[in-house]
Every structure is written in C-alpha cells, then in structure tokens.
Amino acid sequence: MLTLGLIINPLAGIGGAVGLKGSDGADTVAKALALGAEKRAVLRTQQALEVFRHLDGFQLLTCAGEMGQQLAEQLNLPYQLINPPAACSSSTTLSDSTTAAHTRQAAQKMVAEGVDLLLFAGGDGTARDVCASVPESTLVLGIPAGVKIHSGVFGVTPTAAGEVVKRLLEGQLVDVSEAEVRDLDEDAFRQGQVRARQFGELRVPCEGHFVQAVKQGGIEDESLSVADIAAWVVEEMEDDCLYFIGSGKTTRAVSDELGVDSTLLGVDAVLNGQLLAADINEAGIWALLEQHDQAQAILSVMGGQGHILGRGNQQFSPRVLETLGRENIHLISTKSKLSSLDGRPLIIDSGDPELDKCWAGVMEVITGYRDRVVYPVQ
C-alpha cells in the first residue's frame, strides 16, 4: 500500500487571474478576494487525482478541510488525517487562515508518519515551505497551482503530475532526480524586476515530459532575431483590432517596435498602435473583449519549459481564451528557444482540461521576419 501525503495550499494562485502576479501575504490574498478572485488550487488538485483515483494500492495522508480532506471525501478516496492535525484544524474557515507555517507543520508530520510520496498543490512559495520542512531523502512532487512556477519540482500540468503517480502505482519504472526549488521576490516582480534564487533541492519522481524543467532566467543574446519577430508582428497588425500583448522579453520587443510602454510581467492592450490599457487583469481583459468586435493575443514561449498558457499569464482565463479563439492566438519565439525544448511539445495549462485538450495539436510560431514554424502543442 502506497501512502501518499497530500497538502493543498487553497490560496495558491489566487492572485493570478486578477493580475496581482503572486499570492504571498495576507494583504495580497485579501486584495485578490476583493477583486473577485476564485480559489482554484483544490480544482487543480482534483485534476491530478482523477488520473489515478480508480487504481488500488494507495491511501492518502492529508489535512483537514480544504487542505485535503474535503477533496478526498468528494472523490471517495481512502484517507487518514495527520494526528494531531495542529496545522489544519478547521474544516470550514481553514483557507482564510492558512499560512506557510501550516504547510511546514503538515509536511513535517507527514514525513514523521512515513509517507512514500508527498504531493503538494501550490506554487514556488509552497515548494519553498516543503523544501524547508522535509529531509533530503523525501520523495516530493508538486501539482502546479501557483501564479509563478520557476521550480523544477512540479508536474508540467496537474494531469501530468497525476500521470507520474499513476505509473508508480502501476509498478512501472520511474526515475528519481534532484530538482531545484526557486522563487521570486514578489514585490520586485510586481515592479517588473525578476529576482529569482535557489532555495534548495528536492527529490522528484520524473517520467518523460511529465515533470517540468527549471524556468530559464538568463537573457539570451538574440536581439536580431527578436527584432525581426517584432518587426513582422507589427507589420501584420490590423487596423481597429484590439491586441493583448502578453508577458515576457520577446513580447516586450513588440511593444518597443510599436513605441509604447510595456509591462514586462503583465498584459497590455494596444489598439491602432496606441496603448489602450496597461497591466490589466482578467476582468479588464474581459471588459475590453465586450467592447471590441476584433481581438487577438500575442504570447511568447516560456524558455526551458515550453508553456504558452498557465505560467505567469493566468489573466488569459478559459472564458477569455474561448472568446478570443485559438486562431487569434499568435505565438512568438526564437528558434533557439524552441530547439532548447529538445522536441518536447508546447504546453497549454489554462485550468480547463477540456479546453487544453481541444487546443492541442500543432500551432504556428513566428520565429523571425516572415519566418514561422509549426510546433506540437499538448
């Protein structure tokens, strides 16, 4: 019988769709809730558990309330609560008071109980808490539910994390590797500055393309290629069409070519070559979509991981994406960034598995001036 520890940070990723670029701190959580943010971490955990819930040979060791118990009961999965459940004692108001200390206490208790694999749902902050609480020998796997995920300890999607567990339960050979835990300074992040550093390593089960690479933080010397991409994108822009320009250095080159100020780590709206709105959240995007008949989005590929949706751009929610339509999403990337993926597909992790499945296949990627390639997407 495999004992899986399960810790859900119910507030993970709550700041993403409302454009707060993080979820750390009580003030950020309060602001996100005031803006109408929805808790998504439990749902993303469910997506992972659905992959292997039908198999025998495991039980969950989890926390009370939204930190695990509610989902286990909902899915009719065998579980035990950590005892004493000091870190997770409330089943009704737990999520409003959950802190990093709760995650750390829960992780420590689960290790003491002898879990075979510790699953946790959260972002880089949650990964840091787990890393600080368990010995190096502990086998850990993250279910991605945060806004910013630079660490290499997460499945590339919730479903992919579930696939790794499924292979373990089926007795298949699964490699184990050391993966970095990295995190950003959220205050600097909101000011457009990327300051990431390593906080340690965790032992992670890995299989094929199910576990993500550490996000590349370096700056490539590819200015000519990026300039060519931006020149063609701007040349092809249509009059009276609203454009949403996503986050990243490559997309920023498009704004530079237009001569408008840009938000490095946010989403901007441009109309007829003029900045219409800067650093807008999901609600802001939706409001603009309701006002304009034509709209398109320009997104870049995340180096090292291959994500095009679901990492740092959760402002593009499932309803936004469905309204825009797949044909109005324009991907841009240098060829070297695509080559660095070693054939791994681009990844859509919108939060809606059905949308992700419908949008899978191949997509065109603009890689230079009048130069583009087709690339697989999953």
# chains A, B, ... in the order shown; residues from 1 in each chain; ligands from 1

call {"tool": "residues_around", "arguments": {"residues": "Ala297 of chain A", "least_positions_apart": "2", "cutoff": "9 Å", "atoms": "only C-alpha atoms", "output": "list in words"}}
result
Leu242, Tyr243, Phe244, Ile245, Gly246, Ala295, Leu299, Leu324, Asn328, Ile329, His330 and Leu331 of chain A

call {"tool": "write_last_selection", "arguments": {"atoms": "N, CA and C atoms", "output": "compact mmCIF listing (two decimals), in the first residue's frame"}}
result
# COMPACT_ATOMS: atom_id res chain seq x y z
N LEU A 242 -8.13 44.97 -31.60
CA LEU A 242 -7.54 45.05 -30.26
C LEU A 242 -6.53 43.94 -30.08
N TYR A 243 -5.33 44.29 -29.60
CA TYR A 243 -4.28 43.29 -29.38
C TYR A 243 -3.92 43.26 -27.89
N PHE A 244 -3.91 42.05 -27.34
CA PHE A 244 -3.41 41.85 -25.98
C PHE A 244 -1.99 41.31 -26.09
N ILE A 245 -1.04 42.03 -25.52
CA ILE A 245 0.36 41.63 -25.57
C ILE A 245 0.75 41.03 -24.23
N GLY A 246 1.11 39.74 -24.25
CA GLY A 246 1.41 39.03 -23.02
C GLY A 246 2.75 39.39 -22.43
N ALA A 295 -10.37 40.99 -31.72
CA ALA A 295 -9.31 40.96 -30.71
C ALA A 295 -8.39 39.77 -30.96
N LEU A 299 1.50 36.00 -27.62
CA LEU A 299 2.09 35.32 -26.48
C LEU A 299 3.44 34.74 -26.86
N LEU A 324 -11.59 34.66 -27.39
CA LEU A 324 -10.59 35.03 -28.39
C LEU A 324 -10.55 34.02 -29.53
N ASN A 328 -6.86 33.19 -33.04
CA ASN A 328 -6.44 34.57 -32.76
C ASN A 328 -5.34 34.65 -31.72
N ILE A 329 -4.73 33.52 -31.42
CA ILE A 329 -3.56 33.49 -30.53
C ILE A 329 -2.32 33.39 -31.40
N HIS A 330 -1.42 34.35 -31.29
CA HIS A 330 -0.19 34.35 -32.07
C HIS A 330 0.99 34.08 -31.16
N LEU A 331 1.73 33.01 -31.44
CA LEU A 331 2.88 32.63 -30.64
C LEU A 331 4.15 33.16 -31.29

call {"tool": "residues_around", "arguments": {"residues": "Leu55 of chain A", "least_positions_apart": "5", "cutoff": "12 Å", "atoms": "only C-alpha atoms", "output": "list in words"}}
result
Met1, Leu2, Leu49, Glu50, Leu77, Pro78, Gly162, Glu163, Val165, Lys166, Arg167, Leu168, Leu169, Glu170 and Gly171 of chain A

call {"tool": "residues_around", "arguments": {"residues": "Ala72 of chain A", "least_positions_apart": "5", "cutoff": "10 Å", "atoms": "only C-alpha atoms", "output": "tab-separated table (two decimals) with N, CA and C atoms, in the first residue's frame"}}
result
chain	number	residue	atom	x	y	z
A	6	LEU	N	-0.76	14.37	1.06
A	6	LEU	CA	-1.40	15.38	0.22
A	6	LEU	C	-1.60	16.66	1.01
A	46	GLN	N	-7.71	18.20	-7.89
A	46	GLN	CA	-8.66	17.18	-8.35
A	46	GLN	C	-8.27	16.66	-9.74
A	49	LEU	N	-5.59	14.07	-9.17
A	49	LEU	CA	-6.06	12.84	-8.53
A	49	LEU	C	-6.97	12.01	-9.43
A	53	ARG	N	-7.21	7.89	-9.43
A	53	ARG	CA	-8.15	7.59	-8.35
A	53	ARG	C	-8.79	6.22	-8.50
A	59	GLN	N	-3.31	4.96	-0.26
A	59	GLN	CA	-4.16	5.73	0.62
A	59	GLN	C	-3.54	7.11	0.80
A	60	LEU	N	-4.38	8.08	1.13
A	60	LEU	CA	-3.91	9.45	1.33
A	60	LEU	C	-3.72	9.72	2.82
A	61	LEU	N	-2.67	10.45	3.12
A	61	LEU	CA	-2.47	11.03	4.44
A	61	LEU	C	-2.55	12.52	4.23
A	62	THR	N	-3.57	13.15	4.80
A	62	THR	CA	-3.81	14.54	4.42
A	62	THR	C	-4.26	15.37	5.62
A	63	CYS	N	-4.61	16.64	5.33
A	63	CYS	CA	-5.02	17.59	6.36
A	63	CYS	C	-6.52	17.81	6.31
A	64	ALA	N	-7.05	18.43	7.35
A	64	ALA	CA	-8.49	18.69	7.41
A	64	ALA	C	-8.89	19.79	6.44
A	65	GLY	N	-10.17	19.83	6.16
A	65	GLY	CA	-10.74	20.92	5.38
A	65	GLY	C	-10.22	21.00	3.97
A	66	GLU	N	-10.03	22.23	3.49
A	66	GLU	CA	-9.61	22.48	2.11
A	66	GLU	C	-8.17	22.07	1.84
A	67	MET	N	-7.42	21.76	2.88
A	67	MET	CA	-6.04	21.34	2.67
A	67	MET	C	-5.93	19.88	2.26
A	77	LEU	N	-12.01	8.79	-1.82
A	77	LEU	CA	-10.69	8.18	-1.72
A	77	LEU	C	-10.37	7.82	-0.28
A	78	PRO	N	-9.70	6.71	-0.05
A	78	PRO	CA	-9.31	6.35	1.31
A	78	PRO	C	-8.29	7.34	1.85
A	79	TYR	N	-8.49	7.80	3.08
A	79	TYR	CA	-7.56	8.78	3.63
A	79	TYR	C	-7.51	8.68	5.15
A	80	GLN	N	-6.41	9.21	5.68
A	80	GLN	CA	-6.26	9.41	7.12
A	80	GLN	C	-5.80	10.84	7.34

call {"tool": "closest_residue", "arguments": {"among": "A:Val156, A:Val181, A:Ala269, A:Ile298", "to": "Pro345 of chain A", "atoms": "only C-alpha atoms"}}
result
A:Val156

call {"tool": "residues_around", "arguments": {"residues": "Asp356 of chain A", "least_positions_apart": "2", "cutoff": "12 Å", "atoms": "only C-alpha atoms", "output": "list in words"}}
result
Thr157, Pro158, Thr159, His307, Ile308, Leu309, Gly310, Ser317, Pro318, Leu321, Glu322, Arg326, Leu346, Ile347, Ile348, Asp349, Ser350, Gly351, Asp352, Pro353, Glu354, Cys358, Trp359, Ala360, Gly361, Val377 and Gln378 of chain A

call {"tool": "write_last_selection", "arguments": {"atoms": "C-alpha atoms", "output": "short mmCIF file (atom, residue, chain, number, x, y, z; two decimals), in the first residue's frame"}}
result
data_model
loop_
_atom_site.label_atom_id
_atom_site.label_comp_id
_atom_site.auth_asym_id
_atom_site.auth_seq_id
_atom_site.Cartn_x
_atom_site.Cartn_y
_atom_site.Cartn_z
CA THR A 157 0.31 20.28 -15.61
CA PRO A 158 -1.89 18.86 -12.84
CA THR A 159 -2.77 15.93 -15.10
CA HIS A 307 4.43 26.74 -21.54
CA ILE A 308 2.41 29.21 -23.59
CA LEU A 309 -0.53 29.47 -21.18
CA GLY A 310 -0.78 28.93 -17.44
CA SER A 317 -8.65 32.64 -18.32
CA PRO A 318 -10.62 29.86 -20.04
CA LEU A 321 -9.43 32.14 -24.39
CA GLU A 322 -12.70 30.71 -25.66
CA ARG A 326 -7.41 29.58 -30.92
CA LEU A 346 4.45 23.36 -26.09
CA ILE A 347 2.12 23.25 -23.12
CA ILE A 348 -1.31 24.74 -22.52
CA ASP A 349 -2.33 24.68 -18.86
CA SER A 350 -5.35 27.00 -18.85
CA GLY A 351 -7.06 25.47 -15.83
CA ASP A 352 -9.75 23.92 -18.04
CA PRO A 353 -8.68 20.39 -19.12
CA GLU A 354 -11.31 20.24 -21.86
CA CYS A 358 -9.37 20.91 -27.70
CA TRP A 359 -6.47 23.27 -28.36
CA ALA A 360 -3.86 20.51 -28.55
CA GLY A 361 -2.29 19.63 -31.89
CA VAL A 377 1.12 21.59 -28.57
CA GLN A 378 -0.34 19.49 -25.79
#

call {"tool": "residues_around", "arguments": {"residues": "Leu275 of chain A", "least_positions_apart": "3", "cutoff": "9 Å", "atoms": "only C-alpha atoms", "output": "list in words"}}
result
Ser255, Val260, Asp261, Ser262, Asp268, Ala269, Val270, Leu271, Asn272 and Ala278 of chain A

call {"tool": "select_by_dssp", "arguments": {"residues": "segment 46-157 of chain A", "states": "strand (DSSP E)", "output": "ChimeraX atom specification"}}
result
/A:58-62,79-81,117-122,140-144

call {"tool": "select_by_dssp", "arguments": {"residues": "segment 182-351 of chain A", "states": "helix (DSSP H, G or I)", "output": "PyMOL selection string"}}
result
chain A and resi 186-190+223-236+249-258+282-291+318-324+326-328+335-339

call {"tool": "residues_around", "arguments": {"residues": "His292 of chain A", "least_positions_apart": "3", "cutoff": "10 Å", "atoms": "only C-alpha atoms", "output": "ChimeraX atom specification"}}
result
/A:240-242,287-289,295

call {"tool": "closest_residue", "arguments": {"among": "A:Leu118, A:Val147, A:Val111, A:Val140", "to": "Ala12 of chain A", "atoms": "only C-alpha atoms"}}
result
A:Val147

call {"tool": "atom_distance", "arguments": {"atom1": "atom CA of Gly114 of chain A", "atom2": "atom CA of Val204 of chain A"}}
result
16.5 Å

call {"tool": "atom_distance", "arguments": {"atom1": "atom CA of Arg182 of chain A", "atom2": "atom CA of Gly146 of chain A"}}
result
12.9 Å

call {"tool": "residues_around", "arguments": {"residues": "Phe120 of chain A", "least_positions_apart": "3", "cutoff": "6 Å", "atoms": "only C-alpha atoms", "output": "NGL selection string"}}
result
:A and (6-8 or 142-143)

call {"tool": "write_last_selection", "arguments": {"atoms": "N, CA and C atoms", "output": "tab-separated table (two decimals), in the first residue's frame"}}
result
chain	number	residue	atom	x	y	z
A	6	LEU	N	-0.76	14.37	1.06
A	6	LEU	CA	-1.40	15.38	0.22
A	6	LEU	C	-1.60	16.66	1.01
A	7	ILE	N	-0.97	17.73	0.52
A	7	ILE	CA	-1.12	19.05	1.12
A	7	ILE	C	-1.58	20.01	0.03
A	8	ILE	N	-2.71	20.63	0.24
A	8	ILE	CA	-3.22	21.63	-0.70
A	8	ILE	C	-3.11	23.01	-0.06
A	142	GLY	N	5.18	18.29	-6.97
A	142	GLY	CA	4.26	19.41	-6.90
A	142	GLY	C	3.18	19.36	-7.97
A	143	ILE	N	1.98	19.73	-7.58
A	143	ILE	CA	0.86	19.93	-8.52
A	143	ILE	C	0.79	21.44	-8.76

call {"tool": "atom_distance", "arguments": {"atom1": "atom CA of Asp228 of chain A", "atom2": "atom CA of Gly325 of chain A"}}
result
25.8 Å

call {"tool": "decode", "arguments": {"residues": "segment 270-298 of chain A", "atoms": "N, CA and C atoms", "output": "PDB file, in the first residue's frame"}}
result
ATOM      1  N   VAL A 270      -3.399  47.029 -26.772  1.00  0.00           N
ATOM      2  CA  VAL A 270      -2.997  48.013 -27.778  1.00  0.00           C
ATOM      3  C   VAL A 270      -4.053  48.076 -28.868  1.00  0.00           C
ATOM      4  N   LEU A 271      -4.372  49.291 -29.309  1.00  0.00           N
ATOM      5  CA  LEU A 271      -5.335  49.484 -30.390  1.00  0.00           C
ATOM      6  C   LEU A 271      -4.804  50.546 -31.344  1.00  0.00           C
ATOM      7  N   ASN A 272      -4.688  50.190 -32.624  1.00  0.00           N
ATOM      8  CA  ASN A 272      -4.195  51.110 -33.643  1.00  0.00           C
ATOM      9  C   ASN A 272      -2.850  51.739 -33.260  1.00  0.00           C
ATOM     10  N   GLY A 273      -1.975  50.915 -32.737  1.00  0.00           N
ATOM     11  CA  GLY A 273      -0.636  51.357 -32.413  1.00  0.00           C
ATOM     12  C   GLY A 273      -0.515  52.174 -31.144  1.00  0.00           C
ATOM     13  N   GLN A 274      -1.596  52.303 -30.382  1.00  0.00           N
ATOM     14  CA  GLN A 274      -1.587  53.084 -29.150  1.00  0.00           C
ATOM     15  C   GLN A 274      -1.908  52.203 -27.952  1.00  0.00           C
ATOM     16  N   LEU A 275      -1.254  52.503 -26.830  1.00  0.00           N
ATOM     17  CA  LEU A 275      -1.512  51.750 -25.601  1.00  0.00           C
ATOM     18  C   LEU A 275      -2.888  52.119 -25.071  1.00  0.00           C
ATOM     19  N   LEU A 276      -3.775  51.125 -24.990  1.00  0.00           N
ATOM     20  CA  LEU A 276      -5.134  51.357 -24.516  1.00  0.00           C
ATOM     21  C   LEU A 276      -5.254  51.119 -23.012  1.00  0.00           C
ATOM     22  N   ALA A 277      -4.562  50.101 -22.524  1.00  0.00           N
ATOM     23  CA  ALA A 277      -4.599  49.776 -21.092  1.00  0.00           C
ATOM     24  C   ALA A 277      -3.345  48.990 -20.743  1.00  0.00           C
ATOM     25  N   ALA A 278      -2.776  49.267 -19.566  1.00  0.00           N
ATOM     26  CA  ALA A 278      -1.532  48.614 -19.147  1.00  0.00           C
ATOM     27  C   ALA A 278      -1.772  47.723 -17.940  1.00  0.00           C
ATOM     28  N   ASP A 279      -1.056  46.602 -17.910  1.00  0.00           N
ATOM     29  CA  ASP A 279      -1.058  45.686 -16.768  1.00  0.00           C
ATOM     30  C   ASP A 279      -2.479  45.336 -16.319  1.00  0.00           C
ATOM     31  N   ILE A 280      -3.287  44.862 -17.251  1.00  0.00           N
ATOM     32  CA  ILE A 280      -4.689  44.592 -16.947  1.00  0.00           C
ATOM     33  C   ILE A 280      -4.878  43.165 -16.444  1.00  0.00           C
ATOM     34  N   ASN A 281      -5.876  42.996 -15.599  1.00  0.00           N
ATOM     35  CA  ASN A 281      -6.170  41.675 -15.069  1.00  0.00           C
ATOM     36  C   ASN A 281      -7.227  40.984 -15.921  1.00  0.00           C
ATOM     37  N   GLU A 282      -7.677  39.823 -15.469  1.00  0.00           N
ATOM     38  CA  GLU A 282      -8.625  39.039 -16.256  1.00  0.00           C
ATOM     39  C   GLU A 282      -9.931  39.800 -16.474  1.00  0.00           C
ATOM     40  N   ALA A 283     -10.403  40.477 -15.419  1.00  0.00           N
ATOM     41  CA  ALA A 283     -11.650  41.228 -15.553  1.00  0.00           C
ATOM     42  C   ALA A 283     -11.492  42.372 -16.549  1.00  0.00           C
ATOM     43  N   GLY A 284     -10.311  42.998 -16.560  1.00  0.00           N
ATOM     44  CA  GLY A 284     -10.062  44.075 -17.504  1.00  0.00           C
ATOM     45  C   GLY A 284     -10.037  43.582 -18.938  1.00  0.00           C
ATOM     46  N   ILE A 285      -9.435  42.416 -19.149  1.00  0.00           N
ATOM     47  CA  ILE A 285      -9.417  41.826 -20.492  1.00  0.00           C
ATOM     48  C   ILE A 285     -10.841  41.520 -20.941  1.00  0.00           C
ATOM     49  N   TRP A 286     -11.625  40.938 -20.037  1.00  0.00           N
ATOM     50  CA  TRP A 286     -12.992  40.572 -20.383  1.00  0.00           C
ATOM     51  C   TRP A 286     -13.825  41.806 -20.748  1.00  0.00           C
ATOM     52  N   ALA A 287     -13.639  42.885 -19.992  1.00  0.00           N
ATOM     53  CA  ALA A 287     -14.392  44.110 -20.268  1.00  0.00           C
ATOM     54  C   ALA A 287     -14.043  44.654 -21.653  1.00  0.00           C
ATOM     55  N   LEU A 288     -12.780  44.618 -22.020  1.00  0.00           N
ATOM     56  CA  LEU A 288     -12.372  45.105 -23.339  1.00  0.00           C
ATOM     57  C   LEU A 288     -12.895  44.197 -24.453  1.00  0.00           C
ATOM     58  N   LEU A 289     -12.926  42.903 -24.198  1.00  0.00           N
ATOM     59  CA  LEU A 289     -13.459  41.977 -25.198  1.00  0.00           C
ATOM     60  C   LEU A 289     -14.930  42.270 -25.483  1.00  0.00           C
ATOM     61  N   GLU A 290     -15.658  42.695 -24.458  1.00  0.00           N
ATOM     62  CA  GLU A 290     -17.064  43.002 -24.647  1.00  0.00           C
ATOM     63  C   GLU A 290     -17.269  44.290 -25.431  1.00  0.00           C
ATOM     64  N   GLN A 291     -16.225  45.123 -25.488  1.00  0.00           N
ATOM     65  CA  GLN A 291     -16.339  46.414 -26.163  1.00  0.00           C
ATOM     66  C   GLN A 291     -15.835  46.396 -27.603  1.00  0.00           C
ATOM     67  N   HIS A 292     -15.106  45.350 -27.987  1.00  0.00           N
ATOM     68  CA  HIS A 292     -14.471  45.332 -29.297  1.00  0.00           C
ATOM     69  C   HIS A 292     -14.844  44.057 -30.052  1.00  0.00           C
ATOM     70  N   ASP A 293     -15.120  44.216 -31.338  1.00  0.00           N
ATOM     71  CA  ASP A 293     -15.526  43.089 -32.168  1.00  0.00           C
ATOM     72  C   ASP A 293     -14.351  42.196 -32.553  1.00  0.00           C
ATOM     73  N   GLN A 294     -13.173  42.812 -32.734  1.00  0.00           N
ATOM     74  CA  GLN A 294     -11.995  42.051 -33.153  1.00  0.00           C
ATOM     75  C   GLN A 294     -10.926  42.133 -32.073  1.00  0.00           C
ATOM     76  N   ALA A 295     -10.371  40.989 -31.724  1.00  0.00           N
ATOM     77  CA  ALA A 295      -9.312  40.957 -30.712  1.00  0.00           C
ATOM     78  C   ALA A 295      -8.389  39.774 -30.958  1.00  0.00           C
ATOM     79  N   GLN A 296      -7.111  39.979 -30.707  1.00  0.00           N
ATOM     80  CA  GLN A 296      -6.110  38.934 -30.845  1.00  0.00           C
ATOM     81  C   GLN A 296      -5.123  39.047 -29.679  1.00  0.00           C
ATOM     82  N   ALA A 297      -4.352  38.000 -29.478  1.00  0.00           N
ATOM     83  CA  ALA A 297      -3.361  37.993 -28.400  1.00  0.00           C
ATOM     84  C   ALA A 297      -2.014  37.552 -28.944  1.00  0.00           C
ATOM     85  N   ILE A 298      -0.957  38.156 -28.418  1.00  0.00           N
ATOM     86  CA  ILE A 298       0.414  37.823 -28.797  1.00  0.00           C
ATOM     87  C   ILE A 298       1.107  37.275 -27.561  1.00  0.00           C
TER      88      ILE A 298
END
